[in-house]
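Below is one structure; the comments refer to it alone.
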Protein chains: 2
Amino acid sequence: MKTKSTVLLIPIMIAESGESHLPMIFTESIRSCSIFFAENIKTARRAFRKMDRSFPIDDKEWIEIGKSEEASAALFRSKLAEDATIGIVSESGCPGIADPGQILVGIAQALGIKVVPIAGPNSILLALMASGLNGQLFSFHGYLPIDRTKRQQAIQSLEHVSRTAGTSNIFIETPYRNAVMLEALLAVLHIETRLCIAVDITGEQEWIRTKSVGDWKKNIPELPKSPAIFIIGR
Amino acid sequence: MKTKSTVLLIPIMIAESGESHLPMIFTESIRSCSIFFAENIKTARRAFRKMDRSFPIDDKEWIEIGKSEEASAALFRSKLAEDATIGIVSESGCPGIADPGQILVGIAQALGIKVVPIAGPNSILLALMASGLNGQLFSFHGYLPIDRTKRQQAIQSLEHVSRTAGTSNIFIETPYRNAVMLEALLAVLHIETRLCIAVDITGEQEWIRTKSVGDWKKNIPELPKSPAIFIIGR
């Protein structure tokens with residue numbers, strides 16, 4: 001496609017009070033876009049106004065990706081033909097990482113259009129940095145199975161990879177299942193396996209702790225019902 | 001250990017002109033530390049002064065981690081006992097991710113000391129964001145083997161995982177071997193496999209392109225001798 005369009009990947013805060021972790025280039029980046037494809041328009045608009053009081057929200061075109069990124073694909077293609085700077089914004093963190101965005105970015109890449117990622121907070125990376133676990137070799141697995149037996153098998157399989165290859169195995173859980181997940185982890189894992197739990201990263205209640213499973217068992221924390229990252233390490 | 005120490009994980013720019021990707025909290029963070037454990041003191045000092053002209057470099061204590069992080073462990077422990085705010089800084093990007101830092105962070109975690117990660121540019125994450133490849137399931141593998149046969153096997157094994165599980169497989173190469181790596185990838189991978197190559201991320205020559213191996217073969221790029229990220233996807 002012959003177009004001068006550029007696609008900007010815009011990060012957003014991952015905690016209510018975490019805006020200071022956004023990059024210095026943030027305001028300049030959002031101002032340079034004329035169109036936004038946002039996972040959630042309301043969240044994005046509120047965040048942009050929080051960061052930039054005079055951000056001209058109503059001069060921009062807003063398209064909601066929602067839960068069906070595929071459905072925005074045709075519209076995204078047509079906008080790419082307009083020589084526009086298009087921003088992609090997810091509901092929290094970096095678009096395309098454990099969040100929508102990659103179908104649209106894949107379209108831009110297939111058409112040879114310039115894609116520019118803007119650095120910002122990402123809970124997977126921040127948890128791994130602060131975990132003390134191996135940052136030379138790691139895998140992100142998304143959600144583990146909900147079924148009890150399958151989840152148990154998944155945990156055992158991740159622990160096996162951690163023990164043999166040294167890989168840090170990262171996964172997430174929906175907030176209301178945090179306690180069930182922790183229970184499953186402490187029941188299945190070896191006592192000497194190291195487990196990191198990270199909650200409210202960049203927020204006021206940030207809590208990132210790595211202990212051996214044996215140590216966790218001595219004092220089982222009550223996890224808040226907020227997004228958590230778990231990392232199984234060696 | 002009973003101490004009020006805090007460990008701050010400080011990111012640093014990953015390209016000469018990439019300072020605008022550092023977080024708004026950057027200056028406040030570095031000013032709050034009294035001691036720095038830096039992979040390379042010279043690089044860290046220069047970066048801090050670039051970001052903050054009046055940063056009081058000589059009021060801070062500087063300890064070089066260098067290539068032997070283990071050797072700084074005892075000193076790190078003794079500093080933790082001093083109720084200090086200690087910054088860990090790598091030579092580029094985020095400490096502990098494909099860079100030194102995790103041995104020291106692991107010590108802090110084992111002692112129950114607060115570890116606070118500061119968001120910032122990371123070439124692995126930024127390349128993955130901009131690749132259009134799967135960001136729900138990904139692995140980072142560091143360097144692939146140098147030996148020709150072993151490297152070939154590693155590439156085939158990563159491609160197999162990408163094709164069967166959909167995982168994005170990320171690895172790095174030392175700049176002077178970029179061309180040899182690309183040659184190996186194009187020789188081994190199936191033509192329909194998608195390959196992302198990312199160079200000079202956040203820099204003026206930033207170039208992040210995803211194409212099928214078939215398309216790459218039609219027009220093989222001459223990669224600059226600068227750090228590159230490669231991602232094999234489906």
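Ligands are numbered from 1 in the order shown, residues from 1 within each chain, and chains are lettered A, B, ... in the order they appear in the structure tokens.
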- [ ] Please provide the set of residues having any atom within 8 Å of range 192-201 of chain B, restricted to only C-alpha atoms, with same-chain residues fewer than 4 positions apart removed, written as a PyMOL selection string.
- [x] chain B and resi 14-15+123+126-127+131+159+205-214+224+226-234
Please produce a file of those selected residues containing C-alpha atoms, as an mmCIF file, in the first residue's frame.
data_model
loop_
_atom_site.group_PDB
_atom_site.id
_atom_site.type_symbol
_atom_site.label_atom_id
_atom_site.label_comp_id
_atom_site.auth_asym_id
_atom_site.auth_seq_id
_atom_site.Cartn_x
_atom_site.Cartn_y
_atom_site.Cartn_z
ATOM 1 C CA ILE B 14 18.437 1.787 24.582
ATOM 2 C CA ALA B 15 19.387 4.098 21.712
ATOM 3 C CA SER B 123 14.007 -3.913 23.263
ATOM 4 C CA LEU B 126 9.088 -3.113 22.130
ATOM 5 C CA ALA B 127 10.033 -5.433 19.259
ATOM 6 C CA SER B 131 5.944 -7.189 15.356
ATOM 7 C CA GLU B 159 9.859 -22.778 14.509
ATOM 8 C CA GLN B 205 17.319 4.530 12.541
ATOM 9 C CA GLU B 206 14.613 2.392 14.179
ATOM 10 C CA TRP B 207 13.508 -0.351 11.827
ATOM 11 C CA ILE B 208 11.058 -3.067 12.882
ATOM 12 C CA ARG B 209 9.764 -5.251 10.058
ATOM 13 C CA THR B 210 7.800 -8.501 9.993
ATOM 14 C CA LYS B 211 7.575 -10.480 6.767
ATOM 15 C CA SER B 212 7.166 -14.079 5.740
ATOM 16 C CA VAL B 213 10.480 -15.841 5.145
ATOM 17 C CA GLY B 214 9.466 -16.092 1.471
ATOM 18 C CA PRO B 224 23.549 -2.803 10.381
ATOM 19 C CA SER B 226 23.961 -2.836 15.845
ATOM 20 C CA PRO B 227 21.981 -4.846 18.418
ATOM 21 C CA ALA B 228 19.087 -6.696 16.781
ATOM 22 C CA ILE B 229 16.071 -8.630 18.011
ATOM 23 C CA PHE B 230 14.708 -11.549 15.977
ATOM 24 C CA ILE B 231 11.246 -13.054 16.478
ATOM 25 C CA ILE B 232 9.969 -16.252 14.881
ATOM 26 C CA GLY B 233 6.166 -16.328 14.728
ATOM 27 C CA ARG B 234 3.391 -18.188 13.045
#
Open item on the list: With only C-alpha atoms considered, list every residue of chain B at most 6 Å from chain A, as a VMD selection string.
Closed with: chain B and resid 20 to 25 96 to 98 102 105 to 106 109 115 117 119 to 121 126 129 to 130 132 135 to 142 210
Open item on the list: Calculated over only C-alpha atoms, which of the candidates B:Thr174, B:Thr6, B:Thr43, B:Gln153 has the smallest distance to Ser90 in chain B?
Closed with: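 Counting only C-alpha atoms, the residue closest to Ser90 in chain B is B:Thr43.
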